[in-house]
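Raw start34.pdb, PDB, C-alpha atoms:
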```pdb
ATOM      1  CA  MET A1043     -15.861  -6.835   0.659
ATOM      2  CA  ILE A1044     -18.554  -6.750   3.238
ATOM      3  CA  ILE A1045     -20.316  -3.436   2.649
ATOM      4  CA  SER A1046     -20.399  -2.628   6.356
ATOM      5  CA  LEU A1047     -16.564  -2.532   6.519
ATOM      6  CA  LEU A1048     -16.366  -0.170   3.556
ATOM      7  CA  ASP A1049     -19.026   2.003   5.158
ATOM      8  CA  GLU A1050     -17.132   1.998   8.433
ATOM      9  CA  ILE A1051     -13.915   3.019   6.696
ATOM     10  CA  LYS A1052     -15.697   5.832   4.836
ATOM     11  CA  GLN A1053     -17.188   7.115   8.086
ATOM     12  CA  GLY A1054     -13.739   7.180   9.676
ATOM     13  CA  CYS A1055     -12.844   7.063  13.339
ATOM     14  CA  PRO A1056     -14.592   9.523  15.666
ATOM     15  CA  ASN A1057     -11.526   9.537  17.934
ATOM     16  CA  CYS A1058      -8.960  10.116  15.175
ATOM     17  CA  PRO A1059      -6.656  13.094  15.866
ATOM     18  CA  TRP A1060      -6.881  13.939  12.140
ATOM     19  CA  LYS A1061     -10.677  13.831  11.845
ATOM     20  CA  ASP A1062     -10.863  17.614  11.274
ATOM     21  CA  ARG A1063      -7.886  17.831   8.891
ATOM     22  CA  LYS A1064      -9.253  15.714   6.054
ATOM     23  CA  SER A1065     -11.982  16.225   3.464
ATOM     24  CA  GLN A1066     -12.969  12.583   3.660
ATOM     25  CA  THR A1067     -11.691   9.178   4.682
ATOM     26  CA  VAL A1068     -10.197   7.368   1.686
ATOM     27  CA  PRO A1069     -11.446   3.769   1.372
ATOM     28  CA  PRO A1070      -9.580   0.932  -0.351
ATOM     29  CA  GLU A1071     -10.255  -0.047  -3.943
ATOM     30  CA  GLY A1072      -9.561  -2.902  -6.299
ATOM     31  CA  SER A1073     -10.304  -6.573  -6.555
ATOM     32  CA  GLU A1074     -11.452  -8.219  -3.356
ATOM     33  CA  SER A1075     -10.290 -11.571  -4.748
ATOM     34  CA  SER A1076      -6.805 -10.270  -5.525
ATOM     35  CA  PRO A1077      -3.828 -12.349  -4.447
ATOM     36  CA  LEU A1078      -1.873  -9.066  -4.109
ATOM     37  CA  ILE A1079      -2.525  -6.242  -1.672
ATOM     38  CA  VAL A1080      -0.687  -2.922  -1.986
ATOM     39  CA  ILE A1081      -0.467  -0.891   1.224
ATOM     40  CA  GLY A1082       0.629   2.737   1.384
ATOM     41  CA  ARG A1083       1.156   5.013   4.369
ATOM     42  CA  ASN A1084      -1.836   7.370   4.064
ATOM     43  CA  PRO A1085      -3.648   9.362   1.360
ATOM     44  CA  GLY A1086      -2.191  12.581  -0.034
ATOM     45  CA  SER A1087      -4.050  15.758  -0.977
ATOM     46  CA  THR A1088      -5.261  14.449  -4.370
ATOM     47  CA  GLU A1089      -6.547  11.252  -2.810
ATOM     48  CA  ASP A1090      -8.230  13.278  -0.064
ATOM     49  CA  SER A1091     -10.083  15.463  -2.555
ATOM     50  CA  VAL A1092     -11.151  12.612  -4.865
ATOM     51  CA  GLY A1093     -11.597   9.799  -2.333
ATOM     52  CA  ARG A1094      -9.458   7.139  -4.038
ATOM     53  CA  PRO A1095      -6.049   5.712  -3.022
ATOM     54  CA  PHE A1096      -2.855   6.234  -5.063
ATOM     55  CA  ILE A1097      -4.215   8.521  -7.789
ATOM     56  CA  GLY A1098      -1.949  11.568  -7.337
ATOM     57  CA  PRO A1099       1.573  11.967  -8.752
ATOM     58  CA  ALA A1100       2.891   8.969  -6.774
ATOM     59  CA  GLY A1101      -0.112   6.964  -7.946
ATOM     60  CA  LYS A1102       0.772   7.681 -11.570
ATOM     61  CA  HIS A1103       4.197   6.171 -10.921
ATOM     62  CA  LEU A1104       2.560   3.191  -9.244
ATOM     63  CA  ASP A1105       0.435   2.716 -12.372
ATOM     64  CA  LYS A1106       3.620   2.787 -14.469
ATOM     65  CA  PHE A1107       5.123   0.165 -12.171
ATOM     66  CA  PHE A1108       2.079  -2.072 -12.652
ATOM     67  CA  ALA A1109       2.182  -1.629 -16.439
ATOM     68  CA  ASP A1110       5.922  -2.324 -16.625
ATOM     69  CA  ALA A1111       5.443  -5.414 -14.446
ATOM     70  CA  GLY A1112       2.667  -6.638 -16.747
ATOM     71  CA  ILE A1113      -0.145  -6.548 -14.216
ATOM     72  CA  SER A1114      -3.470  -4.706 -14.177
ATOM     73  CA  ARG A1115      -4.222  -2.168 -11.455
ATOM     74  CA  ASP A1116      -7.870  -3.237 -11.355
ATOM     75  CA  LYS A1117      -6.782  -6.749 -10.326
ATOM     76  CA  VAL A1118      -4.843  -5.447  -7.299
ATOM     77  CA  TYR A1119      -6.339  -4.506  -3.931
ATOM     78  CA  ILE A1120      -5.020  -1.087  -2.868
ATOM     79  CA  THR A1121      -5.293   0.428   0.607
ATOM     80  CA  ASN A1122      -3.405   2.465   3.221
ATOM     81  CA  THR A1123      -2.321   1.867   6.801
ATOM     82  CA  ALA A1124      -3.937   5.190   7.792
ATOM     83  CA  LYS A1125      -7.034   6.204   5.844
ATOM     84  CA  CYS A1126      -6.841  10.000   6.278
ATOM     85  CA  TYR A1127      -4.829  12.883   4.859
ATOM     86  CA  GLY A1128      -3.006  14.872   7.513
ATOM     87  CA  GLY A1129      -3.389  18.290   5.913
ATOM     88  CA  PRO A1130      -0.896  20.730   4.340
ATOM     89  CA  GLY A1131       2.660  19.482   4.338
ATOM     90  CA  ASP A1132       1.427  15.880   4.290
ATOM     91  CA  PRO A1133       2.755  14.978   7.758
ATOM     92  CA  CYS A1134       3.481  11.381   8.651
ATOM     93  CA  PRO A1135       0.720   9.886  10.782
ATOM     94  CA  THR A1136       1.559   9.527  14.443
ATOM     95  CA  ASP A1137       1.264   6.122  16.058
ATOM     96  CA  GLU A1138      -2.023   7.350  17.540
ATOM     97  CA  VAL A1139      -3.377   7.977  14.024
ATOM     98  CA  PHE A1140      -2.085   4.624  12.764
ATOM     99  CA  ASP A1141      -3.624   2.897  15.785
ATOM    100  CA  CYS A1142      -7.064   4.312  14.918
ATOM    101  CA  CYS A1143      -6.958   2.577  11.531
ATOM    102  CA  GLU A1144      -5.197  -0.608  12.582
ATOM    103  CA  ASP A1145      -8.412  -2.574  13.063
ATOM    104  CA  PHE A1146      -9.556  -1.623   9.540
ATOM    105  CA  LEU A1147      -6.345  -2.965   8.001
ATOM    106  CA  LYS A1148      -6.462  -6.184  10.033
ATOM    107  CA  ARG A1149     -10.017  -6.793   8.887
ATOM    108  CA  GLU A1150      -9.098  -6.034   5.254
ATOM    109  CA  LEU A1151      -6.250  -8.558   5.371
ATOM    110  CA  ALA A1152      -8.534 -11.169   6.959
ATOM    111  CA  LEU A1153     -11.133 -10.672   4.223
ATOM    112  CA  ILE A1154      -8.793 -10.472   1.221
ATOM    113  CA  GLN A1155      -6.358 -13.209   2.360
ATOM    114  CA  PRO A1156      -3.665 -12.127  -0.126
ATOM    115  CA  LYS A1157      -0.781 -14.341  -1.109
ATOM    116  CA  LEU A1158       1.529 -11.331  -1.306
ATOM    117  CA  ILE A1159       1.545  -8.086   0.691
ATOM    118  CA  MET A1160       3.353  -5.164  -0.907
ATOM    119  CA  PRO A1161       3.972  -2.303   1.525
ATOM    120  CA  PHE A1162       5.141   0.926  -0.096
ATOM    121  CA  GLY A1163       7.441   3.003   2.083
ATOM    122  CA  PHE A1164       9.048   2.533   5.475
ATOM    123  CA  ASP A1165       6.044   3.642   7.533
ATOM    124  CA  ALA A1166       3.632   1.172   5.928
ATOM    125  CA  TYR A1167       6.198  -1.627   6.163
ATOM    126  CA  ARG A1168       7.002  -0.896   9.827
ATOM    127  CA  ARG A1169       3.356  -0.718  10.843
ATOM    128  CA  ILE A1170       2.413  -4.079   9.382
ATOM    129  CA  THR A1171       5.567  -6.065  10.206
ATOM    130  CA  GLY A1172       7.207  -4.344  13.166
ATOM    131  CA  ASP A1173      10.511  -4.467  11.271
ATOM    132  CA  VAL A1174      12.540  -1.240  11.213
ATOM    133  CA  SER A1175      15.048  -2.229   8.529
ATOM    134  CA  PRO A1176      15.796   0.557   6.025
ATOM    135  CA  ILE A1177      13.307   0.169   3.183
ATOM    136  CA  SER A1178      15.944   1.023   0.562
ATOM    137  CA  VAL A1179      18.001  -1.979   1.728
ATOM    138  CA  ILE A1180      15.183  -4.559   1.818
ATOM    139  CA  GLN A1181      13.262  -3.279  -1.203
ATOM    140  CA  GLY A1182      12.452  -5.906  -3.783
ATOM    141  CA  LYS A1183      13.234  -8.877  -1.564
ATOM    142  CA  LYS A1184      10.653 -11.492  -0.698
ATOM    143  CA  THR A1185      10.358 -11.435   3.082
ATOM    144  CA  GLU A1186       8.663 -13.678   5.628
ATOM    145  CA  PHE A1187       8.539 -13.460   9.424
ATOM    146  CA  ARG A1188       8.164 -16.227  12.001
ATOM    147  CA  HIS A1189       5.929 -14.020  14.146
ATOM    148  CA  LEU A1190       3.629 -13.356  11.156
ATOM    149  CA  PRO A1191       3.085 -16.871   9.785
ATOM    150  CA  GLY A1192       1.403 -17.233   6.429
ATOM    151  CA  TRP A1193       2.172 -13.749   5.126
ATOM    152  CA  VAL A1194       4.684 -13.058   2.365
ATOM    153  CA  TYR A1195       5.922  -9.482   1.875
ATOM    154  CA  PHE A1196       7.585  -7.629  -0.969
ATOM    155  CA  PRO A1197       8.614  -4.264   0.543
ATOM    156  CA  MET A1198       9.086  -1.271  -1.749
ATOM    157  CA  THR A1199      10.271   2.297  -1.547
ATOM    158  CA  HIS A1200       7.373   4.712  -1.985
ATOM    159  CA  PRO A1201       6.612   5.975  -5.526
ATOM    160  CA  SER A1202       6.949   9.555  -4.220
ATOM    161  CA  MET A1203      10.639   8.752  -3.640
ATOM    162  CA  TRP A1204      10.970   7.631  -7.255
ATOM    163  CA  LEU A1205       9.682  11.055  -8.294
ATOM    164  CA  ARG A1206      12.284  12.869  -6.205
ATOM    165  CA  SER A1207      15.288  10.801  -7.352
ATOM    166  CA  LYS A1208      16.108  11.441 -10.994
ATOM    167  CA  GLY A1209      16.690   8.240 -12.928
ATOM    168  CA  TYR A1210      15.939   6.041  -9.913
ATOM    169  CA  TYR A1211      12.903   4.391 -11.464
ATOM    170  CA  ASP A1212      14.717   3.359 -14.662
ATOM    171  CA  ARG A1213      17.959   2.435 -12.909
ATOM    172  CA  VAL A1214      16.612   0.555  -9.882
ATOM    173  CA  ILE A1215      12.892  -0.187 -10.153
ATOM    174  CA  LEU A1216      12.708  -1.082 -13.837
ATOM    175  CA  GLN A1217      16.003  -2.911 -14.159
ATOM    176  CA  LYS A1218      16.325  -4.626 -10.774
ATOM    177  CA  VAL A1219      13.095  -4.671  -8.793
ATOM    178  CA  ILE A1220      10.501  -5.498 -11.456
ATOM    179  CA  PRO A1221      12.289  -8.699 -12.595
ATOM    180  CA  GLU A1222      12.440  -9.809  -8.929
ATOM    181  CA  PHE A1223       8.783  -8.907  -8.442
ATOM    182  CA  ARG A1224       7.687 -10.906 -11.481
ATOM    183  CA  GLN A1225       9.742 -13.871 -10.266
ATOM    184  CA  VAL A1226       8.037 -13.760  -6.860
ATOM    185  CA  LEU A1227       4.611 -13.584  -8.535
ATOM    186  CA  THR A1228       5.592 -16.573 -10.685
ATOM    187  CA  ASP A1229       6.907 -18.545  -7.704
ATOM    188  CA  LEU A1230       3.642 -17.888  -5.832
ATOM    189  CA  GLY A1231       1.643 -18.928  -8.907
ATOM    190  CA  ILE A1232      -0.261 -15.626  -9.139
ATOM    191  CA  LEU A1233       1.274 -13.790 -12.106
ATOM    192  CA  ASP A1234      -1.434 -14.879 -14.537
ATOM    193  CA  GLN A1235      -4.196 -13.845 -12.101
ATOM    194  CA  LEU A1236      -2.861 -10.281 -12.137
ATOM    195  CA  ALA A1237      -2.237  -9.866 -15.877
TER     196      ALA A1237
END
```
Could I get this structure in the form of structure tokens?
Amino acid sequence: MIISLLDEIKQGCPNCPWKDRKSQTVPPEGSESSPLIVIGRNPGSTEDSVGRPFIGPAGKHLDKFFADAGISRDKVYITNTAKCYGGPGDPCPTDEVFDCCEDFLKRELALIQPKLIMPFGFDAYRRITGDVSPISVIQGKKTEFRHLPGWVYFPMTHPSMWLRSKGYYDRVILQKVIPEFRQVLTDLGILDQLA
């Protein structure tokens, strides 16, 4: 990635309503040549304190997902729609907060040019597609939009939801979603690049 974009993300937005709530702005990480980009909503408290995306409890479940799918985390590009933690209670970013970071995400997508975009959670999915379908209904289905030509999506429920729902990961993610995910990676010709 162009260093100036990473620096800009780390500096954050001077007009962000959350600029005084966070410890730091959490930049993306992972392979800049990855055919897969994972996009979350915004960093949590662990990510805010350490400065890395998806490393808290939900991140541990994401790592398990990657391992069970047979791909390496270090070969995936991981980012968030909003780059800042909102403070105690982990509130959902407002549209004003999302809007502050929207240019960052657009520039990341333009630079990475992924073959597959994997939004985790309704808020990330809505912000990048405009679709308001329930994430639990569309999860694990390859999706394309006429108004967003060239992008392929694989929407997912957020790993924090897997933590809250006993047995959900084994029953739904492991048995149903991961086989679909691997098939999409195979169809796109990128499974071997991510192993």
> Which residues match the PyMOL selection byres ((chain A and resi 1140-1156) around 6) in the file above, as a list in words?
Replying inline: Glu1074, Pro1077, Leu1078, Ala1124, Asp1137, Glu1138, Val1139, Lys1157 and Leu1158 of chain A
>> Once the PyMOL selection byres ((chain A and resi 1205) around 12) has been evaluated on this model, what residues remain selected, and can you format them as number ranges by chain?
In response: A: 1098-1104, 1106, 1199-1204, 1206-1212, 1215
Residues from the last selection, C-alpha atoms, saved as an mmCIF file, in the frame of the given file:
```
data_model
loop_
_atom_site.group_PDB
_atom_site.id
_atom_site.type_symbol
_atom_site.label_atom_id
_atom_site.label_comp_id
_atom_site.auth_asym_id
_atom_site.auth_seq_id
_atom_site.Cartn_x
_atom_site.Cartn_y
_atom_site.Cartn_z
ATOM 1 C CA GLY A 1098 -1.949 11.568 -7.337
ATOM 2 C CA PRO A 1099 1.573 11.967 -8.752
ATOM 3 C CA ALA A 1100 2.891 8.969 -6.774
ATOM 4 C CA GLY A 1101 -0.112 6.964 -7.946
ATOM 5 C CA LYS A 1102 0.772 7.681 -11.570
ATOM 6 C CA HIS A 1103 4.197 6.171 -10.921
ATOM 7 C CA LEU A 1104 2.560 3.191 -9.244
ATOM 8 C CA LYS A 1106 3.620 2.787 -14.469
ATOM 9 C CA THR A 1199 10.271 2.297 -1.547
ATOM 10 C CA HIS A 1200 7.373 4.712 -1.985
ATOM 11 C CA PRO A 1201 6.612 5.975 -5.526
ATOM 12 C CA SER A 1202 6.949 9.555 -4.220
ATOM 13 C CA MET A 1203 10.639 8.752 -3.640
ATOM 14 C CA TRP A 1204 10.970 7.631 -7.255
ATOM 15 C CA ARG A 1206 12.284 12.869 -6.205
ATOM 16 C CA SER A 1207 15.288 10.801 -7.352
ATOM 17 C CA LYS A 1208 16.108 11.441 -10.994
ATOM 18 C CA GLY A 1209 16.690 8.240 -12.928
ATOM 19 C CA TYR A 1210 15.939 6.041 -9.913
ATOM 20 C CA TYR A 1211 12.903 4.391 -11.464
ATOM 21 C CA ASP A 1212 14.717 3.359 -14.662
ATOM 22 C CA ILE A 1215 12.892 -0.187 -10.153
#
```
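Between Leu1230 in chain A and the residues A:Tyr1119, A:Trp1060, A:Val1194, A:Pro1176, the shortest atom-to-atom distance, using only C-alpha atoms, involves A:Val1194.
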>> Which residues would end up in the selection if the PyMOL selection byres ((chain A and resi 1047-1052) around 10) were applied here, given that I need the answer as an NGL selection string?
In response: :A and (1043-1046 or 1053-1055 or 1066-1071 or 1093 or 1125-1126 or 1143 or 1146-1147 or 1149-1150)
For the selection you just gave me, I'd like the residues written to a file as a PDB file, in the frame of the given file, keeping C-alpha atoms.
```
ATOM      1  CA  MET A1043     -15.861  -6.835   0.659  1.00  0.00           C
ATOM      2  CA  ILE A1044     -18.554  -6.750   3.238  1.00  0.00           C
ATOM      3  CA  ILE A1045     -20.316  -3.436   2.649  1.00  0.00           C
ATOM      4  CA  SER A1046     -20.399  -2.628   6.356  1.00  0.00           C
ATOM      5  CA  GLN A1053     -17.188   7.115   8.086  1.00  0.00           C
ATOM      6  CA  GLY A1054     -13.739   7.180   9.676  1.00  0.00           C
ATOM      7  CA  CYS A1055     -12.844   7.063  13.339  1.00  0.00           C
ATOM      8  CA  GLN A1066     -12.969  12.583   3.660  1.00  0.00           C
ATOM      9  CA  THR A1067     -11.691   9.178   4.682  1.00  0.00           C
ATOM     10  CA  VAL A1068     -10.197   7.368   1.686  1.00  0.00           C
ATOM     11  CA  PRO A1069     -11.446   3.769   1.372  1.00  0.00           C
ATOM     12  CA  PRO A1070      -9.580   0.932  -0.351  1.00  0.00           C
ATOM     13  CA  GLU A1071     -10.255  -0.047  -3.943  1.00  0.00           C
ATOM     14  CA  GLY A1093     -11.597   9.799  -2.333  1.00  0.00           C
ATOM     15  CA  LYS A1125      -7.034   6.204   5.844  1.00  0.00           C
ATOM     16  CA  CYS A1126      -6.841  10.000   6.278  1.00  0.00           C
ATOM     17  CA  CYS A1143      -6.958   2.577  11.531  1.00  0.00           C
ATOM     18  CA  PHE A1146      -9.556  -1.623   9.540  1.00  0.00           C
ATOM     19  CA  LEU A1147      -6.345  -2.965   8.001  1.00  0.00           C
ATOM     20  CA  ARG A1149     -10.017  -6.793   8.887  1.00  0.00           C
ATOM     21  CA  GLU A1150      -9.098  -6.034   5.254  1.00  0.00           C
TER      22      GLU A1150
END
```
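Computed from the coordinates, the CA of Phe1223 in chain A to CA of Ala1237 in chain A distance equals 13.3 Å.
Interatomic distance, CA of Asp1090 in chain A to CA of Tyr1127 in chain A: 6.0 Å.
Pairwise distance (CA of Pro1095 in chain A, CA of Gly1072 in chain A) equals 9.9 Å.
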Box dimensions and centre (Å, one decimal) enclosing range 1099-1106 of chain A, axis-aligned, 4 Å extra per side, as JSON:
```
{"center_x": 2.0, "center_y": 7.3, "center_z": -10.6, "size_x": 12.3, "size_y": 17.3, "size_z": 15.7}
```
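Remark: for Ile1220 in chain A, the closest of the candidate residues A:Gln1181, A:Thr1088, A:Gln1235, A:Ser1075 is A:Gln1181 (distances computed over all atoms listed in the file).
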> So which one's closest to Ser1065 in chain A, A:Leu1236, A:Phe1107, A:Pro1130, A:Gly1163? Using only C-alpha atoms, please.
Replying inline: A:Pro1130
Give me range 1164-1193 of chain A with N, CA and C atoms filled in, as a PDB file, in the coordinates of the input.
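Writing the result to out-v6.pdb gives the following:
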```pdb
ATOM      1  N   PHE A1164       8.630   3.022   4.167  1.00  0.00           N
ATOM      2  CA  PHE A1164       9.048   2.533   5.475  1.00  0.00           C
ATOM      3  C   PHE A1164       7.904   2.501   6.481  1.00  0.00           C
ATOM      4  N   ASP A1165       7.095   3.563   6.505  1.00  0.00           N
ATOM      5  CA  ASP A1165       6.044   3.642   7.533  1.00  0.00           C
ATOM      6  C   ASP A1165       5.012   2.533   7.377  1.00  0.00           C
ATOM      7  N   ALA A1166       4.592   2.260   6.151  1.00  0.00           N
ATOM      8  CA  ALA A1166       3.632   1.172   5.928  1.00  0.00           C
ATOM      9  C   ALA A1166       4.263  -0.176   6.292  1.00  0.00           C
ATOM     10  N   TYR A1167       5.501  -0.366   5.877  1.00  0.00           N
ATOM     11  CA  TYR A1167       6.198  -1.627   6.163  1.00  0.00           C
ATOM     12  C   TYR A1167       6.360  -1.832   7.671  1.00  0.00           C
ATOM     13  N   ARG A1168       6.806  -0.798   8.376  1.00  0.00           N
ATOM     14  CA  ARG A1168       7.002  -0.896   9.827  1.00  0.00           C
ATOM     15  C   ARG A1168       5.700  -1.206  10.553  1.00  0.00           C
ATOM     16  N   ARG A1169       4.629  -0.541  10.141  1.00  0.00           N
ATOM     17  CA  ARG A1169       3.356  -0.718  10.843  1.00  0.00           C
ATOM     18  C   ARG A1169       2.795  -2.126  10.698  1.00  0.00           C
ATOM     19  N   ILE A1170       3.020  -2.752   9.562  1.00  0.00           N
ATOM     20  CA  ILE A1170       2.413  -4.079   9.382  1.00  0.00           C
ATOM     21  C   ILE A1170       3.333  -5.238   9.756  1.00  0.00           C
ATOM     22  N   THR A1171       4.654  -4.975   9.869  1.00  0.00           N
ATOM     23  CA  THR A1171       5.567  -6.065  10.206  1.00  0.00           C
ATOM     24  C   THR A1171       6.280  -5.874  11.539  1.00  0.00           C
ATOM     25  N   GLY A1172       6.425  -4.621  11.969  1.00  0.00           N
ATOM     26  CA  GLY A1172       7.207  -4.344  13.166  1.00  0.00           C
ATOM     27  C   GLY A1172       8.687  -4.232  12.881  1.00  0.00           C
ATOM     28  N   ASP A1173       9.103  -4.526  11.660  1.00  0.00           N
ATOM     29  CA  ASP A1173      10.511  -4.467  11.271  1.00  0.00           C
ATOM     30  C   ASP A1173      10.908  -3.016  10.981  1.00  0.00           C
ATOM     31  N   VAL A1174      12.084  -2.608  11.448  1.00  0.00           N
ATOM     32  CA  VAL A1174      12.540  -1.240  11.213  1.00  0.00           C
ATOM     33  C   VAL A1174      13.767  -1.187  10.301  1.00  0.00           C
ATOM     34  N   SER A1175      13.950  -2.232   9.495  1.00  0.00           N
ATOM     35  CA  SER A1175      15.048  -2.229   8.529  1.00  0.00           C
ATOM     36  C   SER A1175      14.836  -1.100   7.520  1.00  0.00           C
ATOM     37  N   PRO A1176      15.935  -0.502   7.040  1.00  0.00           N
ATOM     38  CA  PRO A1176      15.796   0.557   6.025  1.00  0.00           C
ATOM     39  C   PRO A1176      15.127  -0.001   4.770  1.00  0.00           C
ATOM     40  N   ILE A1177      14.088   0.667   4.327  1.00  0.00           N
ATOM     41  CA  ILE A1177      13.307   0.169   3.183  1.00  0.00           C
ATOM     42  C   ILE A1177      14.144   0.107   1.909  1.00  0.00           C
ATOM     43  N   SER A1178      15.105   1.023   1.767  1.00  0.00           N
ATOM     44  CA  SER A1178      15.944   1.023   0.562  1.00  0.00           C
ATOM     45  C   SER A1178      16.850  -0.208   0.507  1.00  0.00           C
ATOM     46  N   VAL A1179      17.143  -0.793   1.662  1.00  0.00           N
ATOM     47  CA  VAL A1179      18.001  -1.979   1.728  1.00  0.00           C
ATOM     48  C   VAL A1179      17.214  -3.253   1.446  1.00  0.00           C
ATOM     49  N   ILE A1180      15.971  -3.325   1.957  1.00  0.00           N
ATOM     50  CA  ILE A1180      15.183  -4.559   1.818  1.00  0.00           C
ATOM     51  C   ILE A1180      14.231  -4.531   0.628  1.00  0.00           C
ATOM     52  N   GLN A1181      14.173  -3.393  -0.062  1.00  0.00           N
ATOM     53  CA  GLN A1181      13.262  -3.279  -1.203  1.00  0.00           C
ATOM     54  C   GLN A1181      13.491  -4.402  -2.215  1.00  0.00           C
ATOM     55  N   GLY A1182      12.368  -4.930  -2.712  1.00  0.00           N
ATOM     56  CA  GLY A1182      12.452  -5.906  -3.783  1.00  0.00           C
ATOM     57  C   GLY A1182      12.903  -7.285  -3.356  1.00  0.00           C
ATOM     58  N   LYS A1183      12.835  -7.566  -2.051  1.00  0.00           N
ATOM     59  CA  LYS A1183      13.234  -8.877  -1.564  1.00  0.00           C
ATOM     60  C   LYS A1183      12.034  -9.543  -0.896  1.00  0.00           C
ATOM     61  N   LYS A1184      11.729 -10.723  -1.327  1.00  0.00           N
ATOM     62  CA  LYS A1184      10.653 -11.492  -0.698  1.00  0.00           C
ATOM     63  C   LYS A1184      11.016 -11.729   0.761  1.00  0.00           C
ATOM     64  N   THR A1185      10.086 -11.392   1.653  1.00  0.00           N
ATOM     65  CA  THR A1185      10.358 -11.435   3.082  1.00  0.00           C
ATOM     66  C   THR A1185       9.237 -12.169   3.815  1.00  0.00           C
ATOM     67  N   GLU A1186       9.633 -12.999   4.768  1.00  0.00           N
ATOM     68  CA  GLU A1186       8.663 -13.678   5.628  1.00  0.00           C
ATOM     69  C   GLU A1186       9.142 -13.557   7.071  1.00  0.00           C
ATOM     70  N   PHE A1187       8.205 -13.601   8.016  1.00  0.00           N
ATOM     71  CA  PHE A1187       8.539 -13.460   9.424  1.00  0.00           C
ATOM     72  C   PHE A1187       7.923 -14.607  10.207  1.00  0.00           C
ATOM     73  N   ARG A1188       8.681 -15.135  11.160  1.00  0.00           N
ATOM     74  CA  ARG A1188       8.164 -16.227  12.001  1.00  0.00           C
ATOM     75  C   ARG A1188       6.976 -15.767  12.841  1.00  0.00           C
ATOM     76  N   HIS A1189       7.011 -14.502  13.284  1.00  0.00           N
ATOM     77  CA  HIS A1189       5.929 -14.020  14.146  1.00  0.00           C
ATOM     78  C   HIS A1189       4.685 -13.624  13.355  1.00  0.00           C
ATOM     79  N   LEU A1190       4.781 -13.654  12.020  1.00  0.00           N
ATOM     80  CA  LEU A1190       3.629 -13.356  11.156  1.00  0.00           C
ATOM     81  C   LEU A1190       3.444 -14.505  10.177  1.00  0.00           C
ATOM     82  N   PRO A1191       3.145 -15.702  10.662  1.00  0.00           N
ATOM     83  CA  PRO A1191       3.085 -16.871   9.785  1.00  0.00           C
ATOM     84  C   PRO A1191       2.010 -16.746   8.713  1.00  0.00           C
ATOM     85  N   GLY A1192       2.365 -17.213   7.521  1.00  0.00           N
ATOM     86  CA  GLY A1192       1.403 -17.233   6.429  1.00  0.00           C
ATOM     87  C   GLY A1192       1.455 -16.023   5.514  1.00  0.00           C
ATOM     88  N   TRP A1193       2.102 -14.947   5.965  1.00  0.00           N
ATOM     89  CA  TRP A1193       2.172 -13.749   5.126  1.00  0.00           C
ATOM     90  C   TRP A1193       3.523 -13.676   4.418  1.00  0.00           C
TER      91      TRP A1193
END
```
